[in-house]
>>> print(open('protein38.cif').read())   # mmCIF, C-alpha atoms
data_model
#
loop_
_atom_site.label_atom_id
_atom_site.label_comp_id
_atom_site.auth_asym_id
_atom_site.auth_seq_id
_atom_site.Cartn_x
_atom_site.Cartn_y
_atom_site.Cartn_z
CA MET A 1219 1.28 -11.02 15.02
CA ARG A 1220 3.84 -11.22 12.25
CA VAL A 1221 4.21 -8.57 9.54
CA GLU A 1222 6.98 -8.85 6.96
CA VAL A 1223 7.75 -6.50 4.08
CA GLN A 1224 10.42 -8.10 1.97
CA GLU A 1225 11.95 -8.42 -1.47
CA ALA A 1226 12.75 -12.12 -1.12
CA PRO A 1227 10.31 -14.92 -1.99
CA PHE A 1228 8.69 -16.88 0.81
CA ASP A 1229 7.69 -20.51 1.30
CA VAL A 1230 3.91 -20.66 1.87
CA GLY A 1231 4.12 -24.20 3.28
CA ALA A 1232 6.83 -23.41 5.81
CA VAL A 1233 5.19 -20.12 6.83
CA THR A 1234 1.79 -21.83 7.24
CA SER A 1235 3.24 -24.67 9.34
CA GLU A 1236 5.04 -22.28 11.63
CA PHE A 1237 1.99 -20.03 11.93
CA THR A 1238 -0.27 -23.00 12.72
CA SER A 1239 1.97 -24.41 15.42
CA GLY A 1240 2.26 -20.98 17.03
CA ALA A 1241 -1.50 -20.27 17.09
CA LYS A 1242 -2.37 -21.84 20.41
CA GLY A 1243 -6.06 -22.49 21.03
CA ALA A 1244 -7.05 -21.96 17.40
CA GLY A 1245 -9.46 -24.34 15.66
CA ALA A 1246 -9.28 -22.66 12.27
CA ILE A 1247 -6.41 -21.38 10.13
CA VAL A 1248 -7.15 -19.51 6.90
CA THR A 1249 -4.40 -18.54 4.47
CA PHE A 1250 -4.58 -16.52 1.27
CA THR A 1251 -1.74 -16.18 -1.25
CA GLY A 1252 -1.70 -13.55 -3.99
CA VAL A 1253 0.16 -14.46 -7.19
CA VAL A 1254 1.24 -12.35 -10.18
CA ARG A 1255 -1.29 -13.16 -12.90
CA GLU A 1256 -0.30 -14.26 -16.39
CA ALA A 1257 -1.49 -11.43 -18.63
CA ASP A 1258 -3.40 -12.10 -21.87
CA ALA A 1259 -1.19 -13.91 -24.37
CA GLY A 1260 1.72 -13.54 -21.98
CA ALA A 1261 1.86 -9.79 -22.55
CA MET A 1262 3.34 -8.88 -19.20
CA THR A 1263 6.96 -9.73 -18.53
CA VAL A 1264 7.60 -8.16 -15.14
CA MET A 1265 5.67 -6.58 -12.32
CA GLU A 1266 7.51 -3.95 -10.30
CA ILE A 1267 6.17 -3.21 -6.85
CA GLU A 1268 7.18 0.07 -5.25
CA HIS A 1269 6.41 0.90 -1.63
CA TYR A 1270 6.86 3.60 1.00
CA PRO A 1271 9.25 1.92 3.45
CA ALA A 1272 8.72 4.27 6.39
CA MET A 1273 4.95 3.80 6.19
CA THR A 1274 4.46 0.23 4.99
CA GLN A 1275 5.35 -1.71 8.13
CA LYS A 1276 3.33 0.65 10.31
CA ALA A 1277 0.26 0.55 8.02
CA LEU A 1278 0.32 -3.26 7.85
CA GLU A 1279 0.69 -3.59 11.61
CA GLN A 1280 -2.29 -1.26 12.14
CA ILE A 1281 -4.44 -3.31 9.76
CA ALA A 1282 -3.40 -6.61 11.35
CA THR A 1283 -4.00 -5.25 14.86
CA GLN A 1284 -7.52 -4.17 13.88
CA ALA A 1285 -8.25 -7.66 12.53
CA ILE A 1286 -6.94 -9.36 15.67
CA GLU A 1287 -9.05 -7.16 17.94
CA ARG A 1288 -12.24 -7.26 15.92
CA TRP A 1289 -12.34 -11.04 15.39
CA SER A 1290 -10.52 -12.02 18.60
CA LEU A 1291 -7.93 -13.84 16.53
CA ALA A 1292 -5.37 -16.12 18.13
CA ASP A 1293 -2.88 -14.70 15.61
CA ALA A 1294 -2.53 -12.95 12.25
CA LEU A 1295 0.23 -12.79 9.66
CA VAL A 1296 0.91 -10.58 6.66
CA ILE A 1297 3.83 -10.96 4.24
CA HIS A 1298 4.07 -8.55 1.30
CA ARG A 1299 6.85 -8.42 -1.27
CA PHE A 1300 8.24 -5.52 -3.26
CA GLY A 1301 10.67 -5.25 -6.16
CA ARG A 1302 10.61 -7.10 -9.49
CA LEU A 1303 8.27 -10.08 -9.78
CA SER A 1304 7.36 -12.34 -12.70
CA PRO A 1305 4.03 -13.98 -13.59
CA GLY A 1306 3.46 -16.92 -11.27
CA ASP A 1307 5.49 -15.40 -8.43
CA GLN A 1308 3.88 -15.01 -5.04
CA ILE A 1309 3.24 -11.36 -4.16
CA MET A 1310 1.84 -11.63 -0.68
CA MET A 1311 0.06 -13.81 1.83
CA VAL A 1312 -2.16 -13.39 4.86
CA ALA A 1313 -2.97 -15.96 7.52
CA THR A 1314 -5.50 -15.78 10.33
CA ALA A 1315 -6.12 -18.10 13.26
CA SER A 1316 -9.30 -18.22 15.32
CA ARG A 1317 -11.37 -20.67 17.39
CA HIS A 1318 -13.96 -21.06 14.62
CA ARG A 1319 -13.66 -20.79 10.86
CA LYS A 1320 -16.09 -17.91 10.28
CA ASP A 1321 -13.89 -15.42 12.15
CA ALA A 1322 -10.74 -16.61 10.39
CA PHE A 1323 -12.35 -16.31 6.92
CA GLU A 1324 -13.87 -12.90 7.61
CA ALA A 1325 -10.68 -11.52 9.13
CA ALA A 1326 -8.67 -12.74 6.12
CA GLU A 1327 -11.07 -10.97 3.74
CA PHE A 1328 -10.89 -7.82 5.83
CA LEU A 1329 -7.09 -7.94 5.72
CA MET A 1330 -7.11 -8.38 1.94
CA ASP A 1331 -9.62 -5.57 1.37
CA TYR A 1332 -7.58 -3.19 3.50
CA LEU A 1333 -4.24 -4.22 2.01
CA LYS A 1334 -5.58 -3.42 -1.47
CA SER A 1335 -6.24 0.24 -0.79
CA ARG A 1336 -4.61 1.18 2.52
CA ALA A 1337 -1.15 -0.37 2.30
CA PRO A 1338 1.33 1.91 0.47
CA PHE A 1339 2.28 -0.32 -2.46
CA TRP A 1340 2.08 0.57 -6.16
CA LYS A 1341 2.27 -1.96 -8.97
CA LYS A 1342 3.71 -1.33 -12.39
CA GLU A 1343 3.37 -3.78 -15.28
CA ILE A 1344 6.18 -3.91 -17.80
CA LEU A 1345 5.13 -5.42 -21.12
CA ASN A 1346 7.04 -7.36 -23.75
CA ASP A 1347 7.20 -4.35 -26.06
CA GLY A 1348 8.98 -2.34 -23.37
CA SER A 1349 6.01 -0.18 -22.44
CA ALA A 1350 5.04 0.14 -18.81
CA ASP A 1351 1.79 0.96 -17.04
CA TRP A 1352 0.98 1.71 -13.43
CA VAL A 1353 -1.86 -0.50 -12.26
CA ALA A 1354 -4.83 1.73 -11.47
CA ALA A 1355 -6.83 1.26 -8.29
CA LYS A 1356 -10.35 0.01 -9.00
CA ASP A 1357 -13.48 1.78 -7.72
CA GLY A 1358 -14.51 -1.56 -6.30
CA ASP A 1359 -11.39 -1.69 -4.10
CA GLU A 1360 -12.48 1.41 -2.20
CA LYS A 1361 -16.12 0.23 -2.11
CA ALA A 1362 -15.02 -3.09 -0.63
CA LEU A 1363 -14.03 -1.27 2.57
CA GLU A 1364 -17.57 -0.05 3.16
CA ARG A 1365 -18.83 -3.42 4.30
CA TRP A 1366 -16.39 -3.39 7.20
CA MET B 1004 10.10 19.52 5.54
CA ASP B 1005 10.70 16.39 3.50
CA VAL B 1006 8.36 15.90 0.57
CA LEU B 1007 8.20 12.41 -0.96
CA TYR B 1008 6.70 11.26 -4.25
CA PHE B 1009 5.77 7.73 -5.26
CA ALA B 1010 4.78 5.82 -8.42
CA TRP B 1011 3.71 8.03 -11.37
CA VAL B 1012 3.85 11.16 -9.20
CA ARG B 1013 7.58 10.46 -8.69
CA GLU B 1014 8.04 9.81 -12.40
CA ARG B 1015 6.20 12.96 -13.45
CA ILE B 1016 8.09 15.21 -11.05
CA GLY B 1017 11.35 13.41 -11.73
CA LEU B 1018 12.59 12.83 -8.19
CA PRO B 1019 11.67 10.63 -5.23
CA ARG B 1020 12.08 13.20 -2.45
CA GLU B 1021 13.22 16.74 -1.73
CA LYS B 1022 13.52 19.24 1.10
CA VAL B 1023 10.99 22.05 0.81
CA GLU B 1024 11.07 25.32 2.72
CA THR B 1025 7.48 26.41 3.00
CA SER B 1026 5.15 28.54 5.04
CA ALA B 1027 2.09 26.68 3.76
CA ASN B 1028 -0.52 26.12 6.43
CA THR B 1029 -2.27 23.21 4.78
CA VAL B 1030 -1.47 20.42 2.31
CA MET B 1031 -3.50 22.25 -0.34
CA GLU B 1032 -1.40 25.41 0.10
CA LEU B 1033 1.76 23.33 -0.28
CA VAL B 1034 0.33 21.77 -3.47
CA GLU B 1035 -0.40 25.25 -4.87
CA GLU B 1036 3.16 26.36 -4.06
CA LEU B 1037 4.64 23.33 -5.78
CA LYS B 1038 2.35 23.72 -8.82
CA SER B 1039 3.50 27.30 -9.33
CA ARG B 1040 7.16 26.21 -9.43
CA GLU B 1041 7.37 24.35 -12.70
CA GLU B 1042 5.29 22.64 -15.34
CA ARG B 1043 6.22 19.14 -14.13
CA TYR B 1044 4.72 19.88 -10.72
CA ALA B 1045 1.63 21.43 -12.30
CA ALA B 1046 1.25 18.24 -14.38
CA ALA B 1047 1.66 15.92 -11.40
CA PHE B 1048 -0.85 17.84 -9.28
CA ALA B 1049 -3.31 18.68 -12.09
CA ASP B 1050 -6.03 16.44 -10.65
CA ILE B 1051 -5.70 15.98 -6.91
CA SER B 1052 -8.76 13.73 -6.82
CA ALA B 1053 -6.37 11.18 -8.39
CA LEU B 1054 -3.89 11.62 -5.52
CA ARG B 1055 -3.54 10.66 -1.90
CA VAL B 1056 -1.43 12.30 0.79
CA ALA B 1057 0.24 10.98 3.93
CA LEU B 1058 1.51 13.20 6.76
CA ASP B 1059 4.28 11.64 8.84
CA GLN B 1060 3.41 8.24 7.34
CA GLU B 1061 -0.33 8.43 8.15
CA LEU B 1062 -2.94 8.74 5.40
CA SER B 1063 -4.47 12.23 5.58
CA GLU B 1064 -6.52 14.80 3.66
CA PHE B 1065 -5.64 17.77 1.44
CA ASP B 1066 -7.26 20.27 3.82
CA ALA B 1067 -5.19 18.99 6.78
CA PRO B 1068 -2.89 21.46 8.60
CA LEU B 1069 0.87 21.10 8.19
CA GLU B 1070 1.86 22.41 11.61
CA GLY B 1071 4.43 20.11 13.22
CA VAL B 1072 4.52 17.82 10.17
CA ARG B 1073 8.00 16.65 9.13
CA GLU B 1074 7.25 14.41 6.17
CA VAL B 1075 4.62 14.81 3.47
CA ALA B 1076 4.14 12.10 0.84
CA PHE B 1077 2.10 12.33 -2.37
CA PHE B 1078 1.08 9.24 -4.33
CA PRO B 1079 -1.70 7.71 -6.44
CA PRO B 1080 -4.32 5.44 -4.82
CA MET B 1081 -2.54 2.42 -3.40
CA THR B 1082 -2.60 -0.95 -5.17
CA GLY B 1083 -1.45 -3.46 -2.59
CA GLY B 1084 -2.50 -7.07 -2.21
#
>>> encode(input="protein38.cif", output="structure tokens")
Amino acid sequence: MRVEVQEAPFDVGAVTSEFTSGAKGAGAIVTFTGVVREADAGAMTVMEIEHYPAMTQKALEQIATQAIERWSLADALVIHRFGRLSPGDQIMMVATASRHRKDAFEAAEFLMDYLKSRAPFWKKEILNDGSADWVAAKDGDEKALERW
Amino acid sequence: MDVLYFAWVRERIGLPREKVETSANTVMELVEELKSREERYAAAFADISALRVALDQELSEFDAPLEGVREVAFFPPMTGG
């Protein structure tokens, strides 16, 4: 298991290669990368991600451990950034490795659903006109956990 | 104990963390104590259904006891991913 909380960007290709070569016995690798969206008419200039350092690593490790146990994964990886990001920047990625693809896909979705509403990150959008808004959690984010 | 605030809760109260001397038995009692201090606390805690709480870095509930707890954190629903 690898869990990284970092300000620096990451190289999806290099991370995926390393993860794949380390996942012995796996027949399926699924990766997901989250990217800062371009807002309508380029309204957003910066996304600031705040987190709770003492809790973040622990929360992510708990979520990843649950995924590994439930889907008998060969390995799981979570990288999540914080700090100032621009549209097009990578925010986070997850990777899962299992014998068959169904487990790897499901576990990756589980990780994403839990990261959305159980990992202590908060996003703030700063617009061209200088105004700033905290991104609100969606009702659907909490509902998404019910299927697990 | 240490009390931490994140995101708009931090902005509304105007500080990221503080030491609080309290005899509150539960999170809710602590919230009531803080609310009675100053308007900025009352504003931040006006609607606790819009807030989440963590005790010693574990997500918890507002009716949870505070005995033995060293760090309480208040924040809006998380928006990771």
>>> resolve_selection(input="protein38.cif", expression="the PyMOL selection byres ((chain A and resi 1318-1324) around 10)", output="VMD selection string")
chain A and resid 1244 to 1250 1285 to 1286 1288 to 1294 1313 to 1317 1325 to 1330 1366
>>> resolve_selection(input="protein38.cif", expression="the PyMOL selection byres ((chain B and resi 1069-1074) around 8)", output="PyMOL selection string")
chain B and resi 1004-1007+1027-1030+1058-1060+1067-1068+1075-1076
>>> closest_residue(input="protein38.cif", among="A:Thr1263, A:Ser1335, A:Gln1308, A:Thr1251", to="Gly1358 (chain A)", atoms="only C-alpha atoms")
A:Ser1335
>>> atom_distance(input="protein38.cif", atom1="CA of Gln1275 (chain A)", atom2="CA of Phe1339 (chain A)")
11.1 Å
>>> atom_distance(input="protein38.cif", atom1="CA of Asp1359 (chain A)", atom2="CA of Val1034 (chain B)")
26.2 Å
>>> interface_residues(input="protein38.cif", of="chain A", to="chain B", cutoff="12 Å", atoms="all atoms listed in the file", output="number ranges by chain")
A: 1223, 1250-1254, 1266-1278, 1280, 1296-1300, 1308-1312, 1326-1343, 1350-1360
>>> atom_distance(input="protein38.cif", atom1="CA of Phe1048 (chain B)", atom2="CA of Met1031 (chain B)")
10.3 Å
>>> axis_aligned_box(input="protein38.cif", around="region 1302-1305 of chain A", padding_each_side="6 Å", output="AutoDock Vina command-line options")
--center_x 7.3 --center_y -10.5 --center_z -11.5 --size_x 18.6 --size_y 18.9 --size_z 16.1
>>> resolve_selection(input="protein38.cif", expression="the PyMOL selection byres ((chain B and resi 1044) around 12)", output="list in words")
Tyr1008, Trp1011, Val1012, Arg1013, Glu1014, Arg1015, Ile1016, Gly1017, Leu1018, Leu1033, Val1034, Glu1035, Glu1036, Leu1037, Lys1038, Ser1039, Arg1040, Glu1041, Glu1042, Arg1043, Ala1045, Ala1046, Ala1047, Phe1048, Ala1049, Asp1050, Ile1051 and Phe1077 of chain B
>>> write_last_selection(input="protein38.cif", atoms="C-alpha atoms", output="PDB file, in the coordinates of the input")
ATOM      1  CA  TYR B1008       6.700  11.260  -4.250  1.00  0.00           C
ATOM      2  CA  TRP B1011       3.710   8.030 -11.370  1.00  0.00           C
ATOM      3  CA  VAL B1012       3.850  11.160  -9.200  1.00  0.00           C
ATOM      4  CA  ARG B1013       7.580  10.460  -8.690  1.00  0.00           C
ATOM      5  CA  GLU B1014       8.040   9.810 -12.400  1.00  0.00           C
ATOM      6  CA  ARG B1015       6.200  12.960 -13.450  1.00  0.00           C
ATOM      7  CA  ILE B1016       8.090  15.210 -11.050  1.00  0.00           C
ATOM      8  CA  GLY B1017      11.350  13.410 -11.730  1.00  0.00           C
ATOM      9  CA  LEU B1018      12.590  12.830  -8.190  1.00  0.00           C
ATOM     10  CA  LEU B1033       1.760  23.330  -0.280  1.00  0.00           C
ATOM     11  CA  VAL B1034       0.330  21.770  -3.470  1.00  0.00           C
ATOM     12  CA  GLU B1035      -0.400  25.250  -4.870  1.00  0.00           C
ATOM     13  CA  GLU B1036       3.160  26.360  -4.060  1.00  0.00           C
ATOM     14  CA  LEU B1037       4.640  23.330  -5.780  1.00  0.00           C
ATOM     15  CA  LYS B1038       2.350  23.720  -8.820  1.00  0.00           C
ATOM     16  CA  SER B1039       3.500  27.300  -9.330  1.00  0.00           C
ATOM     17  CA  ARG B1040       7.160  26.210  -9.430  1.00  0.00           C
ATOM     18  CA  GLU B1041       7.370  24.350 -12.700  1.00  0.00           C
ATOM     19  CA  GLU B1042       5.290  22.640 -15.340  1.00  0.00           C
ATOM     20  CA  ARG B1043       6.220  19.140 -14.130  1.00  0.00           C
ATOM     21  CA  ALA B1045       1.630  21.430 -12.300  1.00  0.00           C
ATOM     22  CA  ALA B1046       1.250  18.240 -14.380  1.00  0.00           C
ATOM     23  CA  ALA B1047       1.660  15.920 -11.400  1.00  0.00           C
ATOM     24  CA  PHE B1048      -0.850  17.840  -9.280  1.00  0.00           C
ATOM     25  CA  ALA B1049      -3.310  18.680 -12.090  1.00  0.00           C
ATOM     26  CA  ASP B1050      -6.030  16.440 -10.650  1.00  0.00           C
ATOM     27  CA  ILE B1051      -5.700  15.980  -6.910  1.00  0.00           C
ATOM     28  CA  PHE B1077       2.100  12.330  -2.370  1.00  0.00           C
TER      29      PHE B1077
END
>>> decode(input="protein38.cif", residues="region 1313-1325 of chain A", atoms="N, CA, C and O atoms", output="mmCIF file, in the first residue's frame")
data_model
loop_
_atom_site.group_PDB
_atom_site.id
_atom_site.type_symbol
_atom_site.label_atom_id
_atom_site.label_comp_id
_atom_site.auth_asym_id
_atom_site.auth_seq_id
_atom_site.Cartn_x
_atom_site.Cartn_y
_atom_site.Cartn_z
ATOM 1 N N ALA A 1313 -4.842 3.920 -7.560
ATOM 2 C CA ALA A 1313 -4.540 2.757 -8.389
ATOM 3 C C ALA A 1313 -4.863 1.522 -7.567
ATOM 4 O O ALA A 1313 -4.660 1.499 -6.347
ATOM 5 N N THR A 1314 -5.406 0.519 -8.246
ATOM 6 C CA THR A 1314 -5.720 -0.747 -7.579
ATOM 7 C C THR A 1314 -5.210 -1.889 -8.444
ATOM 8 O O THR A 1314 -5.202 -1.798 -9.669
ATOM 9 N N ALA A 1315 -4.791 -2.958 -7.800
ATOM 10 C CA ALA A 1315 -4.278 -4.123 -8.524
ATOM 11 C C ALA A 1315 -4.952 -5.366 -7.968
ATOM 12 O O ALA A 1315 -4.988 -5.574 -6.752
ATOM 13 N N SER A 1316 -5.512 -6.176 -8.875
ATOM 14 C CA SER A 1316 -6.167 -7.415 -8.426
ATOM 15 C C SER A 1316 -5.959 -8.504 -9.482
ATOM 16 O O SER A 1316 -5.441 -8.241 -10.571
ATOM 17 N N ARG A 1317 -6.397 -9.715 -9.178
ATOM 18 C CA ARG A 1317 -6.239 -10.812 -10.151
ATOM 19 C C ARG A 1317 -7.128 -10.586 -11.363
ATOM 20 O O ARG A 1317 -6.736 -10.833 -12.487
ATOM 21 N N HIS A 1318 -8.371 -10.098 -11.088
ATOM 22 C CA HIS A 1318 -9.322 -9.892 -12.184
ATOM 23 C C HIS A 1318 -9.841 -8.462 -12.175
ATOM 24 O O HIS A 1318 -9.889 -7.825 -11.133
ATOM 25 N N ARG A 1319 -10.287 -7.985 -13.330
ATOM 26 C CA ARG A 1319 -10.561 -6.557 -13.468
ATOM 27 C C ARG A 1319 -11.722 -6.065 -12.616
ATOM 28 O O ARG A 1319 -11.736 -4.914 -12.187
ATOM 29 N N LYS A 1320 -12.738 -6.916 -12.385
ATOM 30 C CA LYS A 1320 -13.927 -6.452 -11.664
ATOM 31 C C LYS A 1320 -13.552 -5.921 -10.278
ATOM 32 O O LYS A 1320 -14.035 -4.865 -9.855
ATOM 33 N N ASP A 1321 -12.710 -6.656 -9.570
ATOM 34 C CA ASP A 1321 -12.296 -6.227 -8.230
ATOM 35 C C ASP A 1321 -11.516 -4.916 -8.287
ATOM 36 O O ASP A 1321 -11.696 -4.036 -7.439
ATOM 37 N N ALA A 1322 -10.652 -4.792 -9.274
ATOM 38 C CA ALA A 1322 -9.836 -3.575 -9.371
ATOM 39 C C ALA A 1322 -10.711 -2.354 -9.676
ATOM 40 O O ALA A 1322 -10.530 -1.284 -9.087
ATOM 41 N N PHE A 1323 -11.689 -2.515 -10.583
ATOM 42 C CA PHE A 1323 -12.598 -1.399 -10.897
ATOM 43 C C PHE A 1323 -13.441 -1.031 -9.689
ATOM 44 O O PHE A 1323 -13.566 0.143 -9.336
ATOM 45 N N GLU A 1324 -14.039 -2.033 -9.054
ATOM 46 C CA GLU A 1324 -14.914 -1.759 -7.903
ATOM 47 C C GLU A 1324 -14.144 -1.100 -6.769
ATOM 48 O O GLU A 1324 -14.615 -0.139 -6.162
ATOM 49 N N ALA A 1325 -12.960 -1.628 -6.487
ATOM 50 C CA ALA A 1325 -12.161 -1.082 -5.386
ATOM 51 C C ALA A 1325 -11.761 0.364 -5.686
ATOM 52 O O ALA A 1325 -11.737 1.211 -4.780
#
